[in-house]
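Source file: query.cif; contents: mmCIF, C-alpha atoms.
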data_work
#
loop_
_atom_site.label_atom_id
_atom_site.label_comp_id
_atom_site.auth_asym_id
_atom_site.auth_seq_id
_atom_site.Cartn_x
_atom_site.Cartn_y
_atom_site.Cartn_z
CA MET V 21 28.77 -13.88 42.90
CA ALA V 22 28.60 -10.20 43.77
CA ALA V 23 32.06 -9.72 42.28
CA GLN V 24 30.92 -11.19 38.97
CA ASP V 25 27.87 -8.91 38.86
CA GLN V 26 30.06 -5.91 39.64
CA ALA V 27 32.48 -6.93 36.88
CA LYS V 28 29.60 -7.23 34.36
CA GLN V 29 28.28 -3.80 35.31
CA ASP V 30 31.74 -2.26 35.01
CA THR V 31 32.22 -3.87 31.59
CA ALA V 32 28.79 -2.63 30.42
CA LYS V 33 29.59 0.89 31.62
CA ALA V 34 32.97 0.82 29.85
CA VAL V 35 31.42 -0.39 26.58
CA THR V 36 28.65 2.19 26.87
CA ARG V 37 31.12 4.93 27.67
CA ASP V 38 33.38 3.98 24.75
CA SER V 39 30.52 3.85 22.23
CA LEU V 40 29.04 7.15 23.41
CA GLU V 41 32.46 8.81 23.40
CA GLN V 42 32.94 7.67 19.82
CA LEU V 43 29.55 9.11 18.95
CA TYR V 44 30.29 12.47 20.52
CA MET V 45 34.01 12.68 19.70
CA ASN V 46 34.06 14.15 16.25
CA ASP V 47 35.89 16.93 14.45
CA ASP V 48 33.27 19.53 15.37
CA LEU V 49 34.20 19.46 19.07
CA ASP V 50 36.70 22.00 20.33
CA ALA V 51 39.29 21.05 22.98
CA ARG V 52 37.22 22.37 25.89
CA GLU V 53 34.14 20.34 24.92
CA ALA V 54 36.27 17.21 24.47
CA ILE V 55 37.76 17.60 27.96
CA LEU V 56 34.32 18.14 29.51
CA LEU V 57 32.94 15.11 27.66
CA LYS V 58 35.75 12.89 28.99
CA LYS V 59 34.98 13.98 32.57
CA LEU V 60 31.39 12.72 32.37
CA ASP V 61 30.62 9.34 33.89
CA ALA V 62 28.53 6.65 32.15
CA LYS V 63 25.21 7.74 33.71
CA GLN V 64 25.75 11.35 32.67
CA LEU V 65 26.66 10.22 29.15
CA MET V 66 23.49 8.11 29.01
CA ASP V 67 21.42 11.11 30.18
CA LEU V 68 23.07 13.28 27.53
CA GLU V 69 22.35 10.67 24.84
CA THR V 70 18.72 10.36 26.01
CA MET V 71 18.28 14.12 25.79
CA ARG V 72 19.84 14.15 22.31
CA LEU V 73 17.55 11.38 21.08
CA ASN V 74 14.48 13.08 22.55
CA GLU V 75 15.37 16.34 20.81
CA GLN V 76 16.07 14.51 17.57
CA GLY V 77 12.69 12.75 17.78
CA LYS V 78 10.88 16.06 18.27
CA ASN V 79 12.45 17.52 15.17
CA ASN V 80 11.74 14.49 12.99
CA MET V 81 8.05 15.25 12.44
CA PRO V 82 7.35 15.65 8.72
CA PHE V 83 4.62 18.24 9.32
CA SER V 84 4.19 20.99 11.84
CA GLY V 85 1.07 21.15 13.99
CA THR V 86 -0.59 23.59 11.59
CA GLY V 87 0.25 21.45 8.56
CA LEU V 88 -1.10 18.34 10.22
CA MET V 89 -4.29 20.17 11.19
CA LEU V 90 -4.78 21.40 7.61
CA ILE V 91 -4.26 17.90 6.24
CA CYS V 92 -6.93 16.55 8.60
CA LEU V 93 -9.38 19.35 7.82
CA ALA V 94 -8.81 19.42 4.03
CA PRO V 95 -11.50 16.82 3.13
CA PHE V 96 -14.12 18.63 5.20
CA ILE V 97 -13.17 21.99 3.73
CA MET V 98 -13.41 20.54 0.21
CA VAL V 99 -16.89 19.15 0.87
CA ILE V 100 -18.05 22.49 2.26
CA LEU V 101 -16.62 24.33 -0.76
CA ILE V 102 -18.27 21.92 -3.21
CA VAL V 103 -21.65 22.29 -1.51
CA TYR V 104 -21.23 26.08 -1.45
CA PHE V 105 -20.41 26.37 -5.16
CA VAL V 106 -23.12 23.93 -6.24
CA SER V 107 -25.77 25.76 -4.22
CA ARG V 108 -24.49 29.11 -5.52
CA GLU V 109 -24.80 27.88 -9.10
CA SER V 110 -28.30 26.58 -8.41
CA ALA V 111 -29.30 29.94 -6.92
CA LYS V 112 -28.01 31.72 -10.04
CA LYS V 113 -30.12 29.45 -12.27
CA ASP V 114 -33.20 30.03 -10.10
CA LYS V 115 -32.66 33.79 -10.19
CA LEU V 116 -32.29 33.72 -13.99
CA ARG V 117 -35.52 31.72 -14.34
CA TYR V 118 -37.31 34.16 -12.06
CA GLU V 119 -36.11 37.14 -14.11
CA ILE V 120 -37.21 35.47 -17.35
CA SER V 121 -40.64 34.67 -15.92
CA MET V 122 -41.06 38.25 -14.64
CA LYS V 123 -40.11 39.64 -18.05
CA ALA V 124 -42.57 37.31 -19.74
CA LEU V 125 -45.32 38.44 -17.35
CA GLU V 126 -44.48 42.10 -17.98
CA LEU V 127 -44.74 41.55 -21.73
CA GLY V 128 -47.90 39.46 -21.36
CA GLN V 129 -46.34 36.34 -22.84
CA PRO V 130 -47.44 32.96 -21.46
CA LEU V 131 -44.83 30.64 -20.06
CA PRO V 132 -44.69 27.04 -21.32
CA GLU V 133 -45.65 24.32 -18.84
CA SER V 134 -42.19 22.75 -18.97
CA PHE V 135 -40.40 26.04 -18.18
CA PHE V 136 -39.89 25.28 -14.48
CA ASP V 137 -39.18 21.56 -14.92
CA GLU V 138 -35.60 20.49 -14.31
CA PRO V 139 -33.97 18.72 -17.26
CA LYS V 140 -33.54 15.02 -16.59
CA LYS V 141 -30.14 13.44 -16.69
CA LYS V 142 -29.48 11.00 -19.51
CA THR V 143 -27.62 8.34 -17.52
CA SER V 144 -29.36 5.05 -16.86
CA ARG V 145 -28.68 2.57 -14.10
CA LEU V 146 -27.21 0.24 -16.68
CA GLN V 147 -24.65 2.84 -17.73
CA SER V 148 -23.65 3.86 -14.20
CA GLY V 149 -23.47 0.22 -13.08
CA LEU V 150 -21.18 -0.68 -15.98
CA VAL V 151 -18.95 2.33 -15.29
CA TRP V 152 -18.58 1.45 -11.58
CA LEU V 153 -17.93 -2.20 -12.43
CA GLY V 154 -15.34 -1.18 -15.06
CA VAL V 155 -13.51 1.09 -12.63
CA GLY V 156 -13.45 -1.67 -10.02
CA ILE V 157 -12.16 -4.28 -12.43
CA ALA V 158 -9.51 -1.83 -13.72
CA LEU V 159 -8.27 -1.20 -10.16
CA VAL V 160 -8.15 -4.93 -9.43
CA ILE V 161 -6.14 -5.58 -12.61
CA ALA V 162 -3.86 -2.64 -11.82
CA SER V 163 -3.24 -4.02 -8.33
CA PHE V 164 -1.98 -7.27 -9.83
CA VAL V 165 0.13 -5.53 -12.48
CA VAL V 166 1.73 -3.08 -10.03
CA ASP V 167 1.87 -5.80 -7.35
CA ILE V 168 0.27 -3.72 -4.60
CA GLU V 169 -1.96 -6.04 -2.59
CA LYS V 170 -3.81 -3.31 -0.70
CA MET V 171 -4.88 -1.65 -3.95
CA PHE V 172 -6.88 -4.83 -4.65
CA LEU V 173 -9.27 -3.84 -1.85
CA PHE V 174 -9.84 -0.42 -3.41
CA GLY V 175 -10.85 -2.15 -6.63
CA ILE V 176 -13.27 -4.54 -4.99
CA ILE V 177 -15.39 -1.73 -3.51
CA PRO V 178 -16.38 0.02 -6.78
CA ALA V 179 -16.74 -3.36 -8.49
CA PHE V 180 -19.35 -4.45 -5.94
CA VAL V 181 -21.08 -1.05 -6.12
CA GLY V 182 -21.36 -1.48 -9.89
CA LEU V 183 -22.57 -5.05 -9.44
CA GLY V 184 -25.24 -3.83 -7.01
CA ILE V 185 -26.43 -1.15 -9.44
CA LEU V 186 -26.58 -3.71 -12.25
CA ILE V 187 -28.61 -6.08 -10.05
CA ALA V 188 -31.00 -3.24 -9.20
CA TYR V 189 -31.31 -2.49 -12.93
CA LEU V 190 -32.07 -6.12 -13.74
CA VAL V 191 -34.60 -6.45 -10.90
CA GLU V 192 -36.48 -3.33 -12.01
CA LYS V 193 -36.17 -4.05 -15.74
CA PRO V 194 -39.32 -6.21 -16.05
CA LYS V 195 -41.39 -3.37 -14.58
CA ASN V 196 -40.23 -0.87 -17.19
CA ASN V 197 -39.62 -1.55 -20.87
CA THR V 198 -37.37 1.47 -21.28
CA PRO V 199 -34.17 2.07 -19.34
CA GLU V 200 -34.80 4.06 -16.19
CA VAL V 201 -33.31 7.54 -15.99
CA ASN V 202 -31.66 8.62 -12.70
CA GLU V 203 -32.63 11.95 -11.29
#
Could you spell out this file's structure in structure tokens?
Amino acid sequence: MAAQDQAKQDTAKAVTRDSLEQLYMNDDLDAREAILLKKLDAKQLMDLETMRLNEQGKNNMPFSGTGLMLICLAPFIMVILIVYFVSRESAKKDKLRYEISMKALELGQPLPESFFDEPKKKTSRLQSGLVWLGVGIALVIASFVVDIEKMFLFGIIPAFVGLGILIAYLVEKPKNNTPEVNE
């Protein structure tokens, strides 16, 4: 029994040694490297192959650490930049209104009551609900045309958001005769 186990181990070592020698024996090796490689036993060849695979795995990363960090931080940076530019634009408008009101006071001109009121947006809940529903339905149809099953889920989300906005519009509709304007 022990002889059979020893024979199996010897066969496995020979097969391993032959396959690893074939892997390492190529035209790029000089004579000295080839001689040294032939002197290695199976365990040393396995260790050499393990080290090669570990090094190869380390170099296979598509992004460096800095690139990966930037990819993870990009959404947060974009949100911060959007908030910054929107607030900066709002501050410019407020400053312009202040300057106009100061000029009007200097000249003794009265300001109209609606001067400091923000203009209301013209979109209704009906319009925004239909847009969200349309985008969702378009993504669902596109997922079937392109045959990407996971894209179906991205279409369901805006479709249900649009459906929810339309339901809210219909529930509030009897209270108001005119379409409600979002602020």
Nearby residues (only C-alpha atoms) at most 7 Å from Trp152 in chain V, same-chain spacing under 2 positions excluded, as a VMD selection string: chain V and resid 148 to 150 154 to 156 178 to 179 181 to 182
Shell around Leu153 in chain V at 10 Å using all atoms listed in the file, local window under 6 positions removed, as a PDB file with C-alpha atoms, keeping the file's coordinate frame:
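around_1.pdb, written as the output of this step:
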ATOM      1  CA  GLN V 147     -24.650   2.840 -17.730  1.00  0.00           C
ATOM      2  CA  LEU V 159      -8.270  -1.200 -10.160  1.00  0.00           C
ATOM      3  CA  GLY V 175     -10.850  -2.150  -6.630  1.00  0.00           C
ATOM      4  CA  ILE V 176     -13.270  -4.540  -4.990  1.00  0.00           C
ATOM      5  CA  ILE V 177     -15.390  -1.730  -3.510  1.00  0.00           C
ATOM      6  CA  PRO V 178     -16.380   0.020  -6.780  1.00  0.00           C
ATOM      7  CA  ALA V 179     -16.740  -3.360  -8.490  1.00  0.00           C
ATOM      8  CA  PHE V 180     -19.350  -4.450  -5.940  1.00  0.00           C
ATOM      9  CA  VAL V 181     -21.080  -1.050  -6.120  1.00  0.00           C
ATOM     10  CA  GLY V 182     -21.360  -1.480  -9.890  1.00  0.00           C
ATOM     11  CA  LEU V 183     -22.570  -5.050  -9.440  1.00  0.00           C
ATOM     12  CA  GLY V 184     -25.240  -3.830  -7.010  1.00  0.00           C
ATOM     13  CA  ILE V 185     -26.430  -1.150  -9.440  1.00  0.00           C
ATOM     14  CA  LEU V 186     -26.580  -3.710 -12.250  1.00  0.00           C
TER      15      LEU V 186
END
d(CA of Phe174 in chain V, CA of Gly87 in chain V) in Å: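 The value is 26.9 Å.
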CA of Leu116 in chain V to CA of Glu138 in chain V, straight-line distance in Å: 13.6 Å
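For the pair CA of Phe135 in chain V and CA of Arg117 in chain V, the separation is 8.4 Å.
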Reference answer for the PyMOL selection byres ((chain V and resi 136) around 12), as an MDAnalysis selection string: chainID V and resid 113:118 120:121 131:135 137:139
For the residues in the current selection, export C-alpha atoms as a PDB file, in the coordinates of the input.
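Here's the written file part.pdb:
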ATOM      1  CA  LYS V 113     -30.120  29.450 -12.270  1.00  0.00           C
ATOM      2  CA  ASP V 114     -33.200  30.030 -10.100  1.00  0.00           C
ATOM      3  CA  LYS V 115     -32.660  33.790 -10.190  1.00  0.00           C
ATOM      4  CA  LEU V 116     -32.290  33.720 -13.990  1.00  0.00           C
ATOM      5  CA  ARG V 117     -35.520  31.720 -14.340  1.00  0.00           C
ATOM      6  CA  TYR V 118     -37.310  34.160 -12.060  1.00  0.00           C
ATOM      7  CA  ILE V 120     -37.210  35.470 -17.350  1.00  0.00           C
ATOM      8  CA  SER V 121     -40.640  34.670 -15.920  1.00  0.00           C
ATOM      9  CA  LEU V 131     -44.830  30.640 -20.060  1.00  0.00           C
ATOM     10  CA  PRO V 132     -44.690  27.040 -21.320  1.00  0.00           C
ATOM     11  CA  GLU V 133     -45.650  24.320 -18.840  1.00  0.00           C
ATOM     12  CA  SER V 134     -42.190  22.750 -18.970  1.00  0.00           C
ATOM     13  CA  PHE V 135     -40.400  26.040 -18.180  1.00  0.00           C
ATOM     14  CA  ASP V 137     -39.180  21.560 -14.920  1.00  0.00           C
ATOM     15  CA  GLU V 138     -35.600  20.490 -14.310  1.00  0.00           C
ATOM     16  CA  PRO V 139     -33.970  18.720 -17.260  1.00  0.00           C
TER      17      PRO V 139
END
